[in-house]
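Visitor: Contents of structure05.cif (mmCIF, C-alpha atoms, pLDDT in the B column; chains and numbers go by the auth columns) are given next:
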data_run
loop_
_atom_site.group_PDB
_atom_site.id
_atom_site.type_symbol
_atom_site.label_atom_id
_atom_site.label_comp_id
_atom_site.label_asym_id
_atom_site.label_seq_id
_atom_site.Cartn_x
_atom_site.Cartn_y
_atom_site.Cartn_z
_atom_site.B_iso_or_equiv
_atom_site.auth_seq_id
_atom_site.auth_asym_id
ATOM 1 C CA LEU A 1 95.254 -5.532 176.474 92.00 1 A
ATOM 2 C CA SER A 2 95.931 -9.224 176.522 96.00 2 A
ATOM 3 C CA ASP A 3 98.201 -10.684 173.852 96.00 3 A
ATOM 4 C CA TYR A 4 95.234 -11.910 171.844 96.00 4 A
ATOM 5 C CA GLU A 5 93.376 -8.600 172.087 97.00 5 A
ATOM 6 C CA ALA A 6 96.533 -6.796 170.974 97.00 6 A
ATOM 7 C CA VAL A 7 96.807 -9.094 167.949 98.00 7 A
ATOM 8 C CA LEU A 8 93.173 -8.397 166.995 98.00 8 A
ATOM 9 C CA VAL A 9 93.548 -4.618 167.332 98.00 9 A
ATOM 10 C CA THR A 10 96.875 -4.582 165.502 97.00 10 A
ATOM 11 C CA ALA A 11 95.545 -6.770 162.678 98.00 11 A
ATOM 12 C CA LEU A 12 92.559 -4.463 162.248 97.00 12 A
ATOM 13 C CA MET A 13 94.801 -1.387 162.209 97.00 13 A
ATOM 14 C CA PHE A 14 97.117 -3.092 159.705 96.00 14 A
ATOM 15 C CA ALA A 15 94.177 -3.750 157.382 97.00 15 A
ATOM 16 C CA ILE A 16 92.596 -0.302 157.713 97.00 16 A
ATOM 17 C CA LEU A 17 95.839 1.658 157.352 96.00 17 A
ATOM 18 C CA HIS A 18 96.429 0.171 153.898 93.00 18 A
ATOM 19 C CA LEU A 19 93.508 2.389 152.793 93.00 19 A
ATOM 20 C CA SER A 20 91.936 -0.177 150.492 92.00 20 A
ATOM 21 C CA VAL A 21 88.411 -1.195 151.452 94.00 21 A
ATOM 22 C CA LEU A 22 88.447 -4.246 149.172 93.00 22 A
ATOM 23 C CA SER A 23 91.687 -5.493 150.727 93.00 23 A
ATOM 24 C CA ILE A 24 90.587 -5.197 154.356 96.00 24 A
ATOM 25 C CA PRO A 25 89.437 -8.837 154.768 96.00 25 A
ATOM 26 C CA HIS A 26 92.591 -10.509 153.477 94.00 26 A
ATOM 27 C CA LEU A 27 94.888 -7.930 155.099 96.00 27 A
ATOM 28 C CA PHE A 28 93.116 -8.513 158.413 98.00 28 A
ATOM 29 C CA VAL A 29 93.832 -12.241 158.077 97.00 29 A
ATOM 30 C CA LEU A 30 97.458 -11.462 157.178 97.00 30 A
ATOM 31 C CA GLY A 31 97.670 -9.247 160.261 97.00 31 A
ATOM 32 C CA LEU A 32 96.249 -12.025 162.430 98.00 32 A
ATOM 33 C CA ALA A 33 98.778 -14.467 160.986 97.00 33 A
ATOM 34 C CA THR A 34 101.731 -12.167 161.602 97.00 34 A
ATOM 35 C CA GLY A 35 100.522 -11.472 165.141 97.00 35 A
ATOM 36 C CA TRP A 36 100.100 -15.181 165.801 97.00 36 A
ATOM 37 C CA LEU A 37 103.605 -15.814 164.463 97.00 37 A
ATOM 38 C CA ARG A 38 104.981 -13.128 166.791 97.00 38 A
ATOM 39 C CA LEU A 39 103.300 -14.683 169.817 97.00 39 A
ATOM 40 C CA ARG A 40 104.301 -18.197 168.815 97.00 40 A
ATOM 41 C CA THR A 41 107.951 -17.549 167.928 97.00 41 A
ATOM 42 C CA LYS A 42 108.710 -14.479 170.103 97.00 42 A
ATOM 43 C CA SER A 43 110.390 -12.992 167.020 97.00 43 A
ATOM 44 C CA LEU A 44 109.414 -10.394 164.412 96.00 44 A
ATOM 45 C CA TYR A 45 111.340 -12.137 161.631 98.00 45 A
ATOM 46 C CA PRO A 46 108.796 -14.839 160.682 97.00 46 A
ATOM 47 C CA GLY A 47 106.103 -12.156 160.329 96.00 47 A
ATOM 48 C CA MET A 48 108.456 -10.035 158.254 97.00 48 A
ATOM 49 C CA VAL A 49 109.089 -13.004 155.956 97.00 49 A
ATOM 50 C CA LEU A 50 105.336 -13.619 155.664 97.00 50 A
ATOM 51 C CA HIS A 51 104.701 -9.943 154.851 96.00 51 A
ATOM 52 C CA PHE A 52 107.519 -9.905 152.263 97.00 52 A
ATOM 53 C CA THR A 53 106.219 -13.114 150.677 97.00 53 A
ATOM 54 C CA HIS A 54 102.680 -11.718 150.510 95.00 54 A
ATOM 55 C CA ASN A 55 103.908 -8.520 148.836 95.00 55 A
ATOM 56 C CA LEU A 56 106.078 -10.493 146.414 95.00 56 A
ATOM 57 C CA LEU A 57 103.165 -12.726 145.413 93.00 57 A
ATOM 58 C CA CYS A 58 100.961 -9.657 144.887 91.00 58 A
ATOM 59 C CA ILE A 59 103.573 -8.130 142.574 92.00 59 A
ATOM 60 C CA VAL A 60 104.012 -11.391 140.645 92.00 60 A
ATOM 61 C CA ALA A 61 100.227 -11.733 140.260 90.00 61 A
ATOM 62 C CA GLU A 62 99.917 -8.149 139.023 88.00 62 A
ATOM 63 C CA ARG A 63 102.744 -8.627 136.518 87.00 63 A
ATOM 64 C CA GLN A 64 101.114 -11.828 135.236 84.00 64 A
ATOM 65 C CA HIS A 65 97.855 -9.951 134.784 76.00 65 A
ATOM 66 C CA TRP A 66 99.613 -7.133 132.927 71.00 66 A
ATOM 67 C CA SER A 67 101.315 -9.503 130.503 62.00 67 A
ATOM 68 C CA TRP A 68 97.990 -10.868 129.223 57.00 68 A
#
Let me see whether you can do it: turn the structure in this file into structure tokens.
Guide:
Amino acid sequence: LSDYEAVLVTALMFAILHLSVLSIPHLFVLGLATGWLRLRTKSLYPGMVLHFTHNLLCIVAERQHWSW
């Protein structure tokens, strides 16, 4: 696969393997972003930071919802 095809396939797998049908669209976009970052920077670390930040924001949003 080319780099761009690999990013598309990996992003789709990332979204599907989370096993949440409603989350597939935004997880696919997150997968595309992390793949793009990997190609752009030649490093896994920026994608790891993006993934961590996404998870952190999800937890904060859930906790805010619970406190209502």
Visitor: Compile the contact shell of Ala11 of chain A as a PyMOL selection string: residues with an atom at most 8 Å away, counting all atoms listed in the file, same-chain residues fewer than 4 positions apart removed.
Guide: chain A and resi 7+15+27-32+35
Visitor: Using only C-alpha atoms, which of the listed residues (A:Trp66, A:Tyr45, A:Tyr4, A:Phe14) sits closest to His26 of chain A?
Guide: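 Nearest candidate to His26 of chain A out of A:Trp66, A:Tyr45, A:Tyr4, A:Phe14: A:Phe14.
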Visitor: Could you tell me which of A:Ala33, A:Leu17, A:Leu22, A:Leu1 comes closest to Met48 of chain A if we count all atoms listed in the file?
Guide: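 Of A:Ala33, A:Leu17, A:Leu22, A:Leu1, the one nearest Met48 of chain A, counting all atoms listed in the file, is A:Ala33.
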Visitor: Can you work out which one of A:Ile16, A:Ala6, A:Ala61, A:Leu56 has the shortest atom-to-atom distance to Thr34 of chain A, counting all atoms listed in the file?
Guide: A:Ala6
Visitor: Please give the centre and size of the box around segment 5-24 of chain A (axis-aligned, containing every atom listed in the file, 6 Å added per side), with values in Å to one decimal and written as lines of an AutoDock Vina configuration file.
Guide:
center_x = 92.8
center_y = -3.4
center_z = 160.6
size_x = 20.7
size_y = 23.5
size_z = 34.9
Visitor: Ranking A:Ser43, A:Arg38, A:Glu62, A:Ser23 by minimum distance to Thr10 of chain A and counting all atoms listed in the file, which one comes first?
Guide: A:Arg38
Visitor: Between atom CA of Asn55 of chain A and atom CA of His18 of chain A, what distance in Å does the model show, to one decimal?
Guide: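 Taking atom CA of Asn55 of chain A as the start and atom CA of His18 of chain A as the end point, the length is 12.5 Å.
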Visitor: If I take atom CA of Leu44 of chain A and atom CA of Asp3 of chain A, how far is one from the other in Å, to one decimal?
Guide: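 If I compute the distance from atom CA of Leu44 of chain A to atom CA of Asp3 of chain A, I get 14.7 Å.
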Visitor: Pull all heavy atoms for segment 47-60 of chain A from the block and write them as a JSON list (two decimals), in the first residue's frame.
Guide:
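Final output, saved to selection24.json:
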[["chain", "number", "residue", "atom", "x", "y", "z"],
["A", 47, "GLY", "N", 1.11, 11.85, 17.34],
["A", 47, "GLY", "CA", -0.14, 11.09, 17.30],
["A", 47, "GLY", "C", -0.52, 10.56, 18.66],
["A", 47, "GLY", "O", -1.71, 10.52, 19.02],
["A", 48, "MET", "N", 0.48, 10.16, 19.43],
["A", 48, "MET", "CA", 0.21, 9.69, 20.80],
["A", 48, "MET", "C", -0.34, 10.83, 21.65],
["A", 48, "MET", "O", -1.27, 10.63, 22.44],
["A", 48, "MET", "CB", 1.49, 9.11, 21.41],
["A", 48, "MET", "CG", 1.92, 7.81, 20.77],
["A", 48, "MET", "SD", 3.57, 7.28, 21.24],
["A", 48, "MET", "CE", 3.38, 7.01, 22.97],
["A", 49, "VAL", "N", 0.22, 12.01, 21.49],
["A", 49, "VAL", "CA", -0.27, 13.18, 22.23],
["A", 49, "VAL", "C", -1.69, 13.52, 21.81],
["A", 49, "VAL", "O", -2.55, 13.81, 22.65],
["A", 49, "VAL", "CB", 0.68, 14.40, 22.03],
["A", 49, "VAL", "CG1", 0.07, 15.67, 22.59],
["A", 49, "VAL", "CG2", 2.03, 14.12, 22.66],
["A", 50, "LEU", "N", -1.98, 13.45, 20.51],
["A", 50, "LEU", "CA", -3.33, 13.70, 20.03],
["A", 50, "LEU", "C", -4.31, 12.68, 20.61],
["A", 50, "LEU", "O", -5.39, 13.04, 21.07],
["A", 50, "LEU", "CB", -3.37, 13.66, 18.50],
["A", 50, "LEU", "CG", -4.75, 13.84, 17.85],
["A", 50, "LEU", "CD1", -5.34, 15.20, 18.22],
["A", 50, "LEU", "CD2", -4.64, 13.68, 16.35],
["A", 51, "HIS", "N", -3.95, 11.42, 20.59],
["A", 51, "HIS", "CA", -4.80, 10.35, 21.12],
["A", 51, "HIS", "C", -5.04, 10.55, 22.62],
["A", 51, "HIS", "O", -6.17, 10.45, 23.10],
["A", 51, "HIS", "CB", -4.16, 8.99, 20.84],
["A", 51, "HIS", "CG", -5.04, 7.83, 21.11],
["A", 51, "HIS", "ND1", -5.01, 7.15, 22.30],
["A", 51, "HIS", "CD2", -5.99, 7.23, 20.35],
["A", 51, "HIS", "CE1", -5.90, 6.17, 22.26],
["A", 51, "HIS", "NE2", -6.50, 6.20, 21.09],
["A", 52, "PHE", "N", -3.99, 10.86, 23.37],
["A", 52, "PHE", "CA", -4.12, 11.11, 24.80],
["A", 52, "PHE", "C", -5.04, 12.30, 25.05],
["A", 52, "PHE", "O", -5.92, 12.24, 25.93],
["A", 52, "PHE", "CB", -2.73, 11.38, 25.42],
["A", 52, "PHE", "CG", -2.81, 11.87, 26.83],
["A", 52, "PHE", "CD1", -2.96, 10.97, 27.87],
["A", 52, "PHE", "CD2", -2.73, 13.22, 27.11],
["A", 52, "PHE", "CE1", -3.05, 11.42, 29.18],
["A", 52, "PHE", "CE2", -2.81, 13.67, 28.42],
["A", 52, "PHE", "CZ", -2.98, 12.77, 29.47],
["A", 53, "THR", "N", -4.84, 13.38, 24.29],
["A", 53, "THR", "CA", -5.67, 14.58, 24.47],
["A", 53, "THR", "C", -7.13, 14.27, 24.16],
["A", 53, "THR", "O", -8.03, 14.72, 24.89],
["A", 53, "THR", "CB", -5.15, 15.71, 23.57],
["A", 53, "THR", "OG1", -3.78, 15.95, 23.88],
["A", 53, "THR", "CG2", -5.95, 16.98, 23.76],
["A", 54, "HIS", "N", -7.39, 13.52, 23.11],
["A", 54, "HIS", "CA", -8.76, 13.13, 22.77],
["A", 54, "HIS", "C", -9.39, 12.36, 23.91],
["A", 54, "HIS", "O", -10.51, 12.64, 24.33],
["A", 54, "HIS", "CB", -8.76, 12.30, 21.49],
["A", 54, "HIS", "CG", -10.08, 11.68, 21.19],
["A", 54, "HIS", "ND1", -10.41, 10.41, 21.59],
["A", 54, "HIS", "CD2", -11.18, 12.16, 20.55],
["A", 54, "HIS", "CE1", -11.65, 10.14, 21.21],
["A", 54, "HIS", "NE2", -12.12, 11.19, 20.57],
["A", 55, "ASN", "N", -8.66, 11.36, 24.43],
["A", 55, "ASN", "CA", -9.20, 10.55, 25.53],
["A", 55, "ASN", "C", -9.44, 11.39, 26.77],
["A", 55, "ASN", "O", -10.45, 11.23, 27.45],
["A", 55, "ASN", "CB", -8.26, 9.38, 25.85],
["A", 55, "ASN", "CG", -8.28, 8.32, 24.77],
["A", 55, "ASN", "OD1", -9.14, 8.32, 23.90],
["A", 55, "ASN", "ND2", -7.32, 7.43, 24.83],
["A", 56, "LEU", "N", -8.51, 12.30, 27.07],
["A", 56, "LEU", "CA", -8.66, 13.17, 28.23],
["A", 56, "LEU", "C", -9.90, 14.05, 28.09],
["A", 56, "LEU", "O", -10.69, 14.19, 29.04],
["A", 56, "LEU", "CB", -7.42, 14.04, 28.40],
["A", 56, "LEU", "CG", -7.46, 15.04, 29.55],
["A", 56, "LEU", "CD1", -7.51, 14.31, 30.89],
["A", 56, "LEU", "CD2", -6.25, 15.97, 29.47],
["A", 57, "LEU", "N", -10.10, 14.63, 26.91],
["A", 57, "LEU", "CA", -11.27, 15.48, 26.69],
["A", 57, "LEU", "C", -12.57, 14.67, 26.79],
["A", 57, "LEU", "O", -13.58, 15.19, 27.29],
["A", 57, "LEU", "CB", -11.17, 16.19, 25.35],
["A", 57, "LEU", "CG", -10.07, 17.24, 25.25],
["A", 57, "LEU", "CD1", -9.96, 17.76, 23.82],
["A", 57, "LEU", "CD2", -10.30, 18.36, 26.23],
["A", 58, "CYS", "N", -12.55, 13.43, 26.33],
["A", 58, "CYS", "CA", -13.74, 12.57, 26.47],
["A", 58, "CYS", "C", -14.05, 12.32, 27.94],
["A", 58, "CYS", "O", -15.22, 12.38, 28.35],
["A", 58, "CYS", "CB", -13.53, 11.24, 25.74],
["A", 58, "CYS", "SG", -13.60, 11.38, 23.95],
["A", 59, "ILE", "N", -13.03, 12.06, 28.74],
["A", 59, "ILE", "CA", -13.24, 11.82, 30.17],
["A", 59, "ILE", "C", -13.75, 13.08, 30.85],
["A", 59, "ILE", "O", -14.70, 13.02, 31.65],
["A", 59, "ILE", "CB", -11.93, 11.33, 30.83],
["A", 59, "ILE", "CG1", -11.61, 9.92, 30.34],
["A", 59, "ILE", "CG2", -12.02, 11.37, 32.35],
["A", 59, "ILE", "CD1", -10.22, 9.44, 30.71],
["A", 60, "VAL", "N", -13.17, 14.22, 30.54],
["A", 60, "VAL", "CA", -13.62, 15.49, 31.14],
["A", 60, "VAL", "C", -15.07, 15.75, 30.75],
["A", 60, "VAL", "O", -15.88, 16.14, 31.60],
["A", 60, "VAL", "CB", -12.70, 16.65, 30.71],
["A", 60, "VAL", "CG1", -13.30, 17.99, 31.07],
["A", 60, "VAL", "CG2", -11.32, 16.48, 31.33]]
